Amino acid sequence: MARQVLVDEELSQMSTEEDLEKVEEKAAWRERYIVPLVFVGFIIIRALDRIFLYRVQKSMADYTAILMSIYWPPMVQVMCFFVSLGYVFNKRRSDKSFGLSWFSPFSERASTQGAVPQKWIAQFALYDQINAIVSAPPSPFIPLVLQTPLNNLVVLFTALIAYFYLKTRFKMVHYAGICIILCSCLVGVLVELQGPAPIICKGLHEAEAALANPATAATVSQETRWLVANATDDCTTGLPPYKDADGKIIYISFGTLATMYCLYIFAIVPSAFSNCYKQKKLKQVNLDVMWSFFWSGMWQVIWGFLLYPLSWVPWPTPTGYNSAGPSTLGQDLRDSWTCFMGRNPKPSVTTCDAEPAWMWFMMYLLFNVFFNLFFLWLIKRLSGSILCGNLCGIFSQFELFAGKSAAKLTFEQWMALVLSSIAMWVYNIEEEVDVNGNSVYGEKEKGDHRYDTFGVMGVDPDEDEYASDDEPTAQDHTNF
């Protein structure tokens, strides 16, 4: 009898181990195939997200700071709430303990470790909002096709920050990928920086001025007039010219354009730190992606209002300089709403009636919610150094997506996108690792405690309950 009991126990243990292996194999298979699918979806959604926002920013070129600080955060959060509500109802179908308490800032379902400090989520949103409001003024100045390789510079900044902050270590393919990104940025503007000979452009401009006289224009053929007009538009030196929402080329000085490019690149730095910080916290306690997404949006609404005074900096605008200030707040808000609805609020603003910004902004919101959700999901399983695809630049050629400011890609812009795609391929050949050579990809059920600083929740300097050989505790003791 005792022998039979032992046999039954052994069989039961074998069955349990086999079931566990099957579960682990199934989870590994699911992870192997879901990550690529989510990544492809992320690239497509990101492309449409960027192009619709760019279209809105072209129409609201004089009000981009208000758009990204006052309109954007609360409107995105409304969409986020409904997505989160659907998530909770779906969870409740299999677990009746799920309810509206999930929305609590102190929800025990925030992570596998329970409730998490709200200061973590506040910092998620802070860095993202700084990026949004600082990148808003220069965005209309930079062709969308060049924003793609410039945005990929986030990998350079993220890698630099991750090296010191997360103790991440990189291999030669990662450095090669970063170098190719830098090359793609240079290639995209190289032809314009070289430019045609000044005497050619001067001659074309004088010919265009002469043909503006009806008497002179009558002496030449229509084909010649068309050739001069188109050649004059293409005769640019310095940086790619600025096109307004109607597709018209507006002269902007080289100094102003260069300032906008530098400002756009500077705005990428807080985004890079945001990626590293999210990677640490999402992995550290296996933070729930949907919950952190919801509360990050709530904090971003607050930061949007608090950081609004940044819109009073006298940034260059397509029509001059930003003259907004505390004394013009009420009028600026009214004018921005008029522009948002598709009407020019005053004679000096001529882009708002090109198309209804609100319609394309609604399209943007839909894609933006899922882009951010997919992005957090990927950061949790991979790292903050995620390269975006180049569909955005390709879509920018078509009026269906980009509106009247759409323009066919030049050869050098195609090459910039090709190099950016090669960079994405090269960078992802090998995984990033920590100081001990362990991959930073994937997630752990009880949290990845190599990122612990001052304990699991960043409070107790001696607490490291879940530390193990394969999860080395970081030596960094900076409390963020």
# chains A, B, ... in the order shown; residues from 1 in each chain; ligands from 1
>>> residues_around(residues="Tyr63 in chain A", least_positions_apart="4", cutoff="10 Å", atoms="only C-alpha atoms", output="CSV table (one decimal) with all heavy atoms, in the first residue's frame")
chain,number,residue,atom,x,y,z
A,57,GLN,N,-0.4,69.6,-37.5
A,57,GLN,CA,0.6,70.7,-37.2
A,57,GLN,C,0.8,71.6,-38.3
A,57,GLN,O,1.1,72.8,-38.1
A,57,GLN,CB,1.9,70.0,-36.7
A,57,GLN,CG,1.8,69.3,-35.4
A,57,GLN,CD,3.1,68.6,-35.0
A,57,GLN,OE1,3.8,68.1,-35.9
A,57,GLN,NE2,3.4,68.5,-33.7
A,58,LYS,N,0.7,71.1,-39.5
A,58,LYS,CA,0.9,72.0,-40.7
A,58,LYS,C,-0.3,73.0,-40.7
A,58,LYS,O,-0.1,74.2,-41.0
A,58,LYS,CB,0.9,71.2,-42.0
A,58,LYS,CG,2.2,70.6,-42.3
A,58,LYS,CD,3.2,71.6,-42.8
A,58,LYS,CE,4.4,71.0,-43.3
A,58,LYS,NZ,5.4,72.0,-43.7
A,59,SER,N,-1.5,72.6,-40.5
A,59,SER,CA,-2.6,73.5,-40.5
A,59,SER,C,-2.6,74.5,-39.3
A,59,SER,O,-2.9,75.6,-39.4
A,59,SER,CB,-4.0,72.7,-40.4
A,59,SER,OG,-4.1,71.9,-41.5
A,67,LEU,N,-1.6,73.2,-29.1
A,67,LEU,CA,-2.1,71.9,-29.6
A,67,LEU,C,-1.5,70.7,-28.7
A,67,LEU,O,-2.3,69.9,-28.3
A,67,LEU,CB,-1.7,71.7,-31.1
A,67,LEU,CG,-2.1,70.3,-31.7
A,67,LEU,CD1,-3.5,70.1,-31.8
A,67,LEU,CD2,-1.3,70.1,-33.0
A,68,MET,N,-0.2,70.8,-28.5
A,68,MET,CA,0.4,69.7,-27.8
A,68,MET,C,0.4,69.8,-26.3
A,68,MET,O,0.7,68.8,-25.6
A,68,MET,CB,1.9,69.6,-28.3
A,68,MET,CG,2.0,69.3,-29.8
A,68,MET,SD,1.1,67.9,-30.4
A,68,MET,CE,1.9,66.5,-29.5
A,136,ALA,N,7.1,70.5,-30.7
A,136,ALA,CA,6.0,71.0,-31.4
A,136,ALA,C,6.3,72.2,-32.3
A,136,ALA,O,6.0,72.2,-33.5
A,136,ALA,CB,4.9,71.4,-30.4
A,137,PRO,N,7.1,73.2,-31.9
A,137,PRO,CA,7.4,74.4,-32.7
A,137,PRO,C,8.2,74.0,-34.0
A,137,PRO,O,7.9,74.5,-35.1
A,137,PRO,CB,8.2,75.3,-31.8
A,137,PRO,CG,7.7,75.0,-30.5
A,137,PRO,CD,7.5,73.5,-30.5
A,311,SER,N,5.3,77.6,-24.0
A,311,SER,CA,4.8,78.1,-25.3
A,311,SER,C,4.9,79.6,-25.4
A,311,SER,O,4.6,80.2,-26.5
A,311,SER,CB,3.3,77.7,-25.5
A,311,SER,OG,2.5,78.4,-24.5
A,317,THR,N,8.4,81.1,-36.0
A,317,THR,CA,7.3,80.5,-36.6
A,317,THR,C,7.4,80.7,-38.1
A,317,THR,O,8.2,81.5,-38.5
A,317,THR,CB,6.0,81.1,-36.1
A,317,THR,OG1,5.9,82.5,-36.5
A,317,THR,CG2,5.9,81.1,-34.5
A,322,ASN,N,7.1,83.8,-32.4
A,322,ASN,CA,5.9,83.6,-31.5
A,322,ASN,C,5.8,84.8,-30.5
A,322,ASN,O,6.8,85.1,-29.8
A,322,ASN,CB,6.2,82.3,-30.7
A,322,ASN,CG,5.1,82.1,-29.6
A,322,ASN,OD1,4.0,82.4,-29.8
A,322,ASN,ND2,5.5,81.5,-28.5
A,324,ALA,N,3.2,85.1,-28.4
A,324,ALA,CA,2.3,84.7,-27.3
A,324,ALA,C,2.9,85.0,-25.9
A,324,ALA,O,4.1,84.9,-25.8
A,324,ALA,CB,1.9,83.3,-27.4
A,332,ASP,N,-5.3,83.8,-27.4
A,332,ASP,CA,-4.6,82.7,-28.1
A,332,ASP,C,-5.4,81.4,-28.0
A,332,ASP,O,-5.5,80.6,-29.0
A,332,ASP,CB,-3.2,82.4,-27.4
A,332,ASP,CG,-2.2,83.6,-27.7
A,332,ASP,OD1,-2.4,84.3,-28.7
A,332,ASP,OD2,-1.3,83.7,-26.9
A,333,LEU,N,-6.0,81.1,-26.9
A,333,LEU,CA,-6.9,80.0,-26.8
A,333,LEU,C,-8.1,80.0,-27.7
A,333,LEU,O,-8.4,79.0,-28.3
A,333,LEU,CB,-7.3,79.8,-25.3
A,333,LEU,CG,-6.2,79.4,-24.3
A,333,LEU,CD1,-6.8,79.4,-22.9
A,333,LEU,CD2,-5.6,78.1,-24.6
A,335,ASP,N,-8.3,81.8,-30.5
A,335,ASP,CA,-7.8,81.8,-31.9
A,335,ASP,C,-7.4,80.3,-32.2
A,335,ASP,O,-7.6,79.9,-33.4
A,335,ASP,CB,-6.6,82.7,-32.1
A,335,ASP,CG,-7.0,84.2,-32.1
A,335,ASP,OD1,-8.2,84.4,-32.1
A,335,ASP,OD2,-6.1,85.0,-32.0
A,336,SER,N,-6.8,79.6,-31.3
A,336,SER,CA,-6.3,78.3,-31.6
A,336,SER,C,-7.5,77.4,-31.8
A,336,SER,O,-7.5,76.5,-32.7
A,336,SER,CB,-5.5,77.7,-30.4
A,336,SER,OG,-6.2,77.5,-29.2
A,337,TRP,N,-8.6,77.6,-31.1
A,337,TRP,CA,-9.8,76.8,-31.3
A,337,TRP,C,-10.5,77.1,-32.6
A,337,TRP,O,-10.9,76.2,-33.3
A,337,TRP,CB,-10.8,77.0,-30.2
A,337,TRP,CG,-12.0,76.2,-30.3
A,337,TRP,CD1,-13.3,76.5,-30.7
A,337,TRP,CD2,-12.1,74.8,-30.0
A,337,TRP,NE1,-14.1,75.4,-30.7
A,337,TRP,CE2,-13.4,74.3,-30.3
A,337,TRP,CE3,-11.2,73.8,-29.6
A,337,TRP,CZ2,-13.8,73.0,-30.1
A,337,TRP,CZ3,-11.6,72.5,-29.4
A,337,TRP,CH2,-12.9,72.1,-29.7
A,339,CYS,N,-8.8,78.0,-35.2
A,339,CYS,CA,-7.9,77.4,-36.2
A,339,CYS,C,-8.2,75.9,-36.2
A,339,CYS,O,-8.2,75.2,-37.3
A,339,CYS,CB,-6.5,77.7,-35.8
A,339,CYS,SG,-5.3,77.0,-37.0
A,340,PHE,N,-8.4,75.3,-35.0
A,340,PHE,CA,-8.6,73.9,-34.9
A,340,PHE,C,-9.9,73.4,-35.7
A,340,PHE,O,-9.9,72.3,-36.2
A,340,PHE,CB,-8.7,73.5,-33.4
A,340,PHE,CG,-8.8,72.0,-33.1
A,340,PHE,CD1,-7.7,71.2,-33.3
A,340,PHE,CD2,-10.0,71.5,-32.6
A,340,PHE,CE1,-7.8,69.8,-33.1
A,340,PHE,CE2,-10.0,70.1,-32.3
A,340,PHE,CZ,-8.9,69.3,-32.5
A,352,CYS,N,-5.0,77.7,-41.5
A,352,CYS,CA,-6.0,77.0,-40.8
A,352,CYS,C,-7.1,76.5,-41.7
A,352,CYS,O,-7.7,75.4,-41.4
A,352,CYS,CB,-6.6,77.8,-39.7
A,352,CYS,SG,-5.4,78.4,-38.5
>>> closest_atom_pairs(of="range 80-198 of chain A", to="range 424-427 of chain A", cutoff="9 Å", atoms="only C-alpha atoms", output="JSON lines")
{"residue": "A:Met172", "atom": "CA", "partner": "A:Tyr427", "partner_atom": "CA", "distance": 9.0}
{"residue": "A:Val173", "atom": "CA", "partner": "A:Tyr427", "partner_atom": "CA", "distance": 5.6}
{"residue": "A:His174", "atom": "CA", "partner": "A:Tyr427", "partner_atom": "CA", "distance": 4.6}
{"residue": "A:Tyr175", "atom": "CA", "partner": "A:Tyr427", "partner_atom": "CA", "distance": 7.7}
{"residue": "A:Ala176", "atom": "CA", "partner": "A:Val426", "partner_atom": "CA", "distance": 7.1}
{"residue": "A:Gly177", "atom": "CA", "partner": "A:Tyr427", "partner_atom": "CA", "distance": 4.6}
{"residue": "A:Ile178", "atom": "CA", "partner": "A:Tyr427", "partner_atom": "CA", "distance": 7.4}
{"residue": "A:Ile180", "atom": "CA", "partner": "A:Val426", "partner_atom": "CA", "distance": 8.9}
{"residue": "A:Ile181", "atom": "CA", "partner": "A:Met424", "partner_atom": "CA", "distance": 8.5}
>>> write_last_selection(atoms="N, CA and C atoms", output="compact mmCIF listing (two decimals), in the first residue's frame")
# COMPACT_ATOMS: atom_id res chain seq x y z
N MET A 172 28.98 45.15 -31.08
CA MET A 172 29.41 45.92 -32.25
C MET A 172 28.26 46.21 -33.20
N VAL A 173 27.30 45.29 -33.32
CA VAL A 173 26.18 45.53 -34.24
C VAL A 173 25.35 46.72 -33.78
N HIS A 174 25.26 46.93 -32.47
CA HIS A 174 24.50 48.07 -31.96
C HIS A 174 25.20 49.38 -32.31
N TYR A 175 26.51 49.41 -32.13
CA TYR A 175 27.26 50.62 -32.50
C TYR A 175 27.21 50.86 -34.01
N ALA A 176 27.25 49.76 -34.79
CA ALA A 176 27.16 49.90 -36.25
C ALA A 176 25.80 50.47 -36.63
N GLY A 177 24.73 49.98 -35.98
CA GLY A 177 23.40 50.49 -36.27
C GLY A 177 23.27 51.98 -35.97
N ILE A 178 23.86 52.41 -34.85
CA ILE A 178 23.81 53.83 -34.48
C ILE A 178 24.57 54.68 -35.51
N ILE A 180 24.99 54.01 -38.66
CA ILE A 180 24.19 54.08 -39.89
C ILE A 180 23.05 55.09 -39.72
N ILE A 181 22.48 55.18 -38.51
CA ILE A 181 21.43 56.18 -38.25
C ILE A 181 21.99 57.58 -38.49
>>> residues_around(residues="Ser69 in chain A", least_positions_apart="2", cutoff="8 Å", atoms="only C-alpha atoms", output="VMD selection string")
chain A and resid 65 to 67 71 to 73 129 132 to 133 301 304 to 305 307 to 308
>>> write_last_selection(atoms="N, CA, C and O atoms", output="JSON list (two decimals), in the first residue's frame")
[["chain", "number", "residue", "atom", "x", "y", "z"],
["A", 65, "ALA", "N", 2.17, 74.69, -30.03],
["A", 65, "ALA", "CA", 2.43, 74.53, -28.59],
["A", 65, "ALA", "C", 1.12, 74.34, -27.83],
["A", 65, "ALA", "O", 1.02, 73.51, -26.92],
["A", 66, "ILE", "N", 0.09, 75.12, -28.19],
["A", 66, "ILE", "CA", -1.22, 74.95, -27.55],
["A", 66, "ILE", "C", -1.78, 73.58, -27.90],
["A", 66, "ILE", "O", -2.36, 72.89, -27.05],
["A", 67, "LEU", "N", -1.62, 73.18, -29.14],
["A", 67, "LEU", "CA", -2.11, 71.88, -29.59],
["A", 67, "LEU", "C", -1.54, 70.75, -28.73],
["A", 67, "LEU", "O", -2.28, 69.86, -28.27],
["A", 71, "TYR", "N", -4.60, 70.70, -25.92],
["A", 71, "TYR", "CA", -5.55, 69.83, -26.61],
["A", 71, "TYR", "C", -5.17, 68.36, -26.54],
["A", 71, "TYR", "O", -5.99, 67.49, -26.26],
["A", 72, "TRP", "N", -3.90, 68.09, -26.83],
["A", 72, "TRP", "CA", -3.45, 66.71, -27.00],
["A", 72, "TRP", "C", -3.61, 65.84, -25.75],
["A", 72, "TRP", "O", -4.27, 64.78, -25.82],
["A", 73, "PRO", "N", -3.06, 66.23, -24.57],
["A", 73, "PRO", "CA", -3.12, 65.30, -23.42],
["A", 73, "PRO", "C", -4.54, 64.89, -23.01],
["A", 73, "PRO", "O", -4.81, 63.69, -22.86],
["A", 129, "GLN", "N", 5.94, 64.61, -21.97],
["A", 129, "GLN", "CA", 5.32, 65.92, -22.23],
["A", 129, "GLN", "C", 6.36, 66.97, -22.60],
["A", 129, "GLN", "O", 6.10, 67.83, -23.45],
["A", 132, "ALA", "N", 7.02, 66.41, -26.15],
["A", 132, "ALA", "CA", 5.89, 66.84, -27.00],
["A", 132, "ALA", "C", 5.88, 68.34, -27.19],
["A", 132, "ALA", "O", 5.72, 68.84, -28.32],
["A", 133, "ILE", "N", 6.05, 69.10, -26.11],
["A", 133, "ILE", "CA", 5.91, 70.55, -26.21],
["A", 133, "ILE", "C", 7.14, 71.20, -26.84],
["A", 133, "ILE", "O", 7.03, 72.21, -27.55],
["A", 301, "VAL", "N", -1.89, 65.01, -18.65],
["A", 301, "VAL", "CA", -2.84, 66.13, -18.68],
["A", 301, "VAL", "C", -2.39, 67.23, -17.71],
["A", 301, "VAL", "O", -2.38, 68.42, -18.05],
["A", 304, "GLY", "N", 0.77, 68.89, -18.99],
["A", 304, "GLY", "CA", 0.48, 69.74, -20.14],
["A", 304, "GLY", "C", 0.11, 71.16, -19.72],
["A", 304, "GLY", "O", 0.61, 72.13, -20.29],
["A", 305, "PHE", "N", -0.73, 71.26, -18.70],
["A", 305, "PHE", "CA", -1.13, 72.59, -18.20],
["A", 305, "PHE", "C", 0.03, 73.28, -17.49],
["A", 305, "PHE", "O", 0.25, 74.48, -17.65],
["A", 307, "LEU", "N", 3.24, 72.88, -17.91],
["A", 307, "LEU", "CA", 4.34, 73.24, -18.81],
["A", 307, "LEU", "C", 3.91, 74.18, -19.93],
["A", 307, "LEU", "O", 4.72, 74.55, -20.77],
["A", 308, "TYR", "N", 2.65, 74.58, -19.91],
["A", 308, "TYR", "CA", 2.18, 75.46, -20.98],
["A", 308, "TYR", "C", 2.98, 76.75, -21.10],
["A", 308, "TYR", "O", 3.16, 77.26, -22.22]]
>>> select_by_dssp(residues="range 46-213 of chain A", states="alpha helix (DSSP H)", output="PyMOL selection string")
chain A and resi 46-59+64-66+72-92+118-135+144-151+154-165+172-194+198-211
>>> closest_residue(among="A:Trp315, A:Arg450, A:Phe361, A:Gln77", to="Val435 in chain A", atoms="only C-alpha atoms")
A:Arg450
>>> residues_around(residues="Ala210 in chain A", least_positions_apart="5", cutoff="12 Å", atoms="only C-alpha atoms", output="list in words")
Gly203, Leu204, His205, Ala215, Thr216, Ala217, Ala218, Thr219, Val220, Arg225, Val228 and Ala229 of chain A
>>> atom_distance(atom1="CA of Phe89 in chain A", atom2="CA of Phe370 in chain A")
17.8 Å
>>> atom_distance(atom1="CA of Thr351 in chain A", atom2="CA of Ser139 in chain A")
15.0 Å
>>> atom_distance(atom1="CA of Leu287 in chain A", atom2="CA of Leu85 in chain A")
18.1 Å
